[in-house]
Every structure is written in C-alpha cells, then in structure tokens.
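**Q** Below are the structure tokens for one structure; questions will follow.
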Amino acid sequence: MRVGEAWRVALGALRANRLRSGLTMLGVIIGVAAVVILVAIGTGTKRKVEQQVEGLGSNLLVVVPGRVEFGAAPAVSRLGMSDVEAVTRIVGDRNRVAASVASGETVRAGTRDMFTSVLGTLETSTNVFVRDVARGSYLTRTDVDTQRRVAVLGATVARNLYGDRDPVGQQINIAGVRFRVIAVFAPLGQSLGVDRDNEVHIPLTTAHRVFGTTRIDALAIRAPNRDTIDDLGKRIVTELSRRHPETEFSAVTQEQILGVLGDILGILTGVLAAIAGISLLVGGVGVSNIMLVSVRERTREIGLRKAVGARPRDIGTQFLLEAVLLTSLGGTIGMALGVGTSLLVSALSPIPAAITWWSLALAFGVSAAVGIIFGVVPAQRAGRLDPVVALRTE
C-alpha cells in the first residue's frame, strides 16, 4: 500500500467516527497544552528572575558573613565601618563600595503610617546598584559624615503616606525620630520577591544611631570589569577573614546567583513539564484503547483486505498511521491552545510566560511518539488477524 493512500484511508476512518476521534484526541490536546503552558510559565519566570538580578547592576559582588547556600544558618554580622574602609582601600574607589544595615520600622507622616524596610546606606548605593531617583537628590557624603536625619522614600511608601502630594521637603517620622524627605525613588517593582518600592533609605551613620547598633549587614562592590571580579572577591574575603577570624565570609557574584537560581527554576520547570506529561500518558492509553476497539469493529474489513492481497505489514501500517494521525492532530491543536493560553496569561496577569521553540518541538514530538508507542499493539494485532477467521466475523 502506498503511503499517500494509507494517509487517505486513515483520514477517512477518522472522519467516519468524528465524535470518538475528537474525544480520543482530547486527552492528547490537554496534555500537550499543559506541557506548553507550564514550560512557558517556568521559562518566563526564569527569564524574569535573571533580568531582576542583572538589573541590580553590572559586575556586582556581594560580600556577607556566613555561607551563601541553601540550608546554611544565617551568621551574625560583625562588620563595622572600619571594615568598609578596609574594603574601600582594596577596591581603590569609594564610589564602588556600598554598605547597608536594615531594620523593619513603622514610618509616619501626619495621620498616616505603615510598616516598611528602612535601610541605612552610604551615598554610593545608587552608584553600585542601578536605582533612579524620580524627584529630589539622593544622599550625599556630607549626609553620611554628619549623621543627618534625611530620608529617601520608595515609590510605594511615598504614595501610601503622601498620596498625590510631593513628599520632598516634608517631614516623616521613622522609629520615633523625625526625618526630612529629600528624594523619592522611581518605581522599580518586585526584585527577587522583594518589593523594592516599599523601603526607605537613610544615611548609614544615622541608622546606627537610630537602631542602636554599629553593625553592617552586607557589603556590595561593583568591580571595574568581569575579569577582575573573582580576584577582587578573594582579596576582600581574605582581608575580612583576617580582621574577623571567628567569622566565615562569602563573596557572591551575579553569575553565581543566576547559576543557583537558574538551576532551581530549571528543575521546577522540568518537574512541571513531567507532571503535565502524565496527562499525555493517559491520553496515549486512551488512543491505544480506541484503536483496539477499532480493530475489533473493522475485523471484516481487515479480512477483506488480506483476501485481496494486503500484507500483514500493510494492515499494521494502516492502523499505526491512524494512531499517529490522531495524536499528531491532537498535538497540533494542543500547541495552538497552549501558546494562546500562555500569551493570554502573560497579558492579563502578573505571571510571566515565554514561549520557547524547544517546548513546542518537545510537546509535538512526544504526542507523535505517544501515537507510535500506543498504536503498535493495535497495529500488530490487526496485522496478525487470520483473513478467513476475520471474514467469518459478524
């Protein structure tokens, strides 16, 4: 039997049982669509996280006490201003070094108040991290040196406390201490699960006095280029370890952060795709079942074909093509449904979704493979039927 004729006969068999064919394809359609949608969401999430990490600034190096790994207990910071000066001497440029101490505090303006994250920072913070100021001017070296009570508000804080009014020049109460607002950050949104607009920056030295501490939680350094970032991190860790032999320090680059997060998100995406693939397996069982039923219903037809010269291989190929055609059509419809749903989810919700060619190829390939795998047994059964017995079947 020629391949073209085999495809024509297969299409005719599917048209003759449209409802049954449609219900059989439904499992494959749902499975393929689920794979495409979940992989798109996983890939979109991964890309968004990568963009957020890269958006923090280029050639970024973060130094923290303790080990930066999953399951590691947080270490108590013993870093102080003298350590910032030591790191600055290694880097050779104060504008490339940022330090911070954080505390959750209630801030008030008039009758309005809210709980937010208050960060004590150096004036170099916007040089190390990518952060734009919408109104006013950021902290200065003088603000830090003289412990001025000035504050820079995130966009969410400014909106919640002042509404449509311009906060610059207004008074704000932080942890019971009055500050003057000198700037408002441009909206930034979520970054690694943290709302960057829901925070307030004040001078690091002022934060030490208000919070009653001298510690520094973390240091961030912007290396001159990517080639020197690893060596710079080793030198800084060596110096801090010498100054604090009882504490272990870690220097983490953007590539390392992206690598860890990428591995985790990649595993999650794979797990989601595997879970969605289970529905493809269920759809394949349905295809096999329907094809077995079709073999039984068309026994006389098979006997007649064999009687006029059709070989067992021709009969087996015919039923295998029907199974592959069922799953391929279902896979094509499922891909279209998955792509459309992914784009709709991305457009109408905050959930990111990114369509990748490999997910479409994988979904279609798996659906076609399901047709082949689950169509083999019915095809073999059809090919082995004895023509005399088949013709006698009522």
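Just remember, in the structure tokens the first chain shown is A, the second B, etc., residues are 1-based per chain, and ligands are 1-based in the order shown.
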Show me, as a count of residues only, the residues that have an atom within 8 Å of range 117-125 of chain A when counting only C-alpha atoms, minus same-chain residues fewer than 6 positions from it.

**A** 28

**Q** Show me, as a tab-separated table, the residues of range 157-226 of chain A having an atom within 10 Å of range 244-251 of chain A, each with the closest atom pair and its distance in Å, using only C-alpha atoms.

**A**
residue	atom	partner	partner_atom	distance
A:Leu219	CA	A:Ala251	CA	9.3
A:Ala220	CA	A:Ala251	CA	9.3
A:Ile221	CA	A:Ala251	CA	9.8

**Q** With a distance cut-off of 8 Å and only C-alpha atoms, select the neighbouring residues of Thr269 in chain A, excluding the residue or stretch itself and same-chain residues fewer than 5 positions from it, and output the selection as a PyMOL selection string.

**A** chain A and resi 38-39+42-43

**Q** Which of range 48-267 of chain A counts as helix (DSSP H, G or I) under DSSP, as JSON, numbers by chain please?

**A** {"A": [48, 49, 50, 51, 52, 53, 54, 81, 82, 83, 84, 85, 86, 87, 88, 89, 90, 91, 94, 95, 96, 125, 126, 127, 128, 141, 142, 143, 144, 145, 155, 156, 157, 158, 159, 160, 161, 162, 204, 205, 206, 207, 208, 209, 210, 211, 226, 227, 228, 229, 230, 231, 232, 233, 234, 235, 236, 237, 238, 239, 240, 241, 242, 243, 254, 255, 256, 257, 258, 259, 260, 261, 262, 263, 264, 265, 266, 267]}

**Q** Find the residues near Ser137 in chain A: any atom within 8 Å, counting only C-alpha atoms, skip ones fewer than 2 places away on the same chain, and give them as a ChimeraX atom specification.

**A** /A:133,135,139,182-183

**Q** Would you mind listing what lies within 12 Å of Gly266 in chain A as a list in words, with only C-alpha atoms counted and same-chain residues fewer than 4 positions away left out?

**A**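 My reading of the contact set: Leu38, Val39, Ala40, Ile41, Gly42, Thr43, Gly44, Thr45, Lys46, Arg47, Val49, Leu258, Gly259, Val260, Leu261, Gly262, Gly270, Val271, Leu272 and Ala273 of chain A.
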
**Q** Run DSSP on the backbone and tell me which residues of range 66-178 of chain A come out as strand (DSSP E or B); list them as an NGL selection string.

**A** :A and (97-109 or 112-121 or 133-136 or 150-153 or 171-174 or 177-178)

**Q** Just C-alpha atoms for this one: save the residues we selected as a PDB file, in the first residue's frame.

**A**
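What landed in result36.pdb:
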ATOM      1  CA  VAL A  97      31.585  50.238  47.588  1.00  0.00           C
ATOM      2  CA  ALA A  98      28.139  50.195  49.195  1.00  0.00           C
ATOM      3  CA  ALA A  99      27.236  49.075  52.700  1.00  0.00           C
ATOM      4  CA  SER A 100      23.871  48.634  54.374  1.00  0.00           C
ATOM      5  CA  VAL A 101      22.065  47.807  57.597  1.00  0.00           C
ATOM      6  CA  ALA A 102      18.358  47.002  57.512  1.00  0.00           C
ATOM      7  CA  SER A 103      15.522  47.131  60.007  1.00  0.00           C
ATOM      8  CA  GLY A 104      11.754  46.876  59.817  1.00  0.00           C
ATOM      9  CA  GLU A 105      10.216  50.055  61.229  1.00  0.00           C
ATOM     10  CA  THR A 106       6.928  51.938  61.349  1.00  0.00           C
ATOM     11  CA  VAL A 107       7.072  55.234  59.477  1.00  0.00           C
ATOM     12  CA  ARG A 108       4.521  58.039  59.912  1.00  0.00           C
ATOM     13  CA  ALA A 109       3.559  61.175  58.064  1.00  0.00           C
ATOM     14  CA  ARG A 112      -0.854  58.033  58.041  1.00  0.00           C
ATOM     15  CA  ASP A 113       1.593  55.281  58.932  1.00  0.00           C
ATOM     16  CA  MET A 114       2.910  51.999  57.526  1.00  0.00           C
ATOM     17  CA  PHE A 115       5.447  49.315  58.313  1.00  0.00           C
ATOM     18  CA  THR A 116       8.358  49.206  55.897  1.00  0.00           C
ATOM     19  CA  SER A 117      12.001  48.263  55.500  1.00  0.00           C
ATOM     20  CA  VAL A 118      14.403  51.035  56.496  1.00  0.00           C
ATOM     21  CA  LEU A 119      17.906  50.730  55.067  1.00  0.00           C
ATOM     22  CA  GLY A 120      20.886  52.614  56.354  1.00  0.00           C
ATOM     23  CA  THR A 121      23.142  53.099  53.312  1.00  0.00           C
ATOM     24  CA  VAL A 133      15.605  58.986  41.669  1.00  0.00           C
ATOM     25  CA  ALA A 134      12.332  60.431  40.384  1.00  0.00           C
ATOM     26  CA  ARG A 135      12.307  63.613  42.475  1.00  0.00           C
ATOM     27  CA  GLY A 136      14.903  65.313  44.641  1.00  0.00           C
ATOM     28  CA  VAL A 150      17.246  62.809  55.895  1.00  0.00           C
ATOM     29  CA  ALA A 151      15.374  60.081  54.036  1.00  0.00           C
ATOM     30  CA  VAL A 152      14.754  58.849  50.515  1.00  0.00           C
ATOM     31  CA  LEU A 153      11.386  57.142  50.026  1.00  0.00           C
ATOM     32  CA  GLN A 171       8.689  65.656  57.494  1.00  0.00           C
ATOM     33  CA  ILE A 172       8.473  61.922  58.222  1.00  0.00           C
ATOM     34  CA  ASN A 173       8.761  60.012  61.485  1.00  0.00           C
ATOM     35  CA  ILE A 174      10.945  56.877  61.469  1.00  0.00           C
ATOM     36  CA  VAL A 177      12.711  60.108  65.099  1.00  0.00           C
ATOM     37  CA  ARG A 178      11.814  62.954  62.775  1.00  0.00           C
TER      38      ARG A 178
END
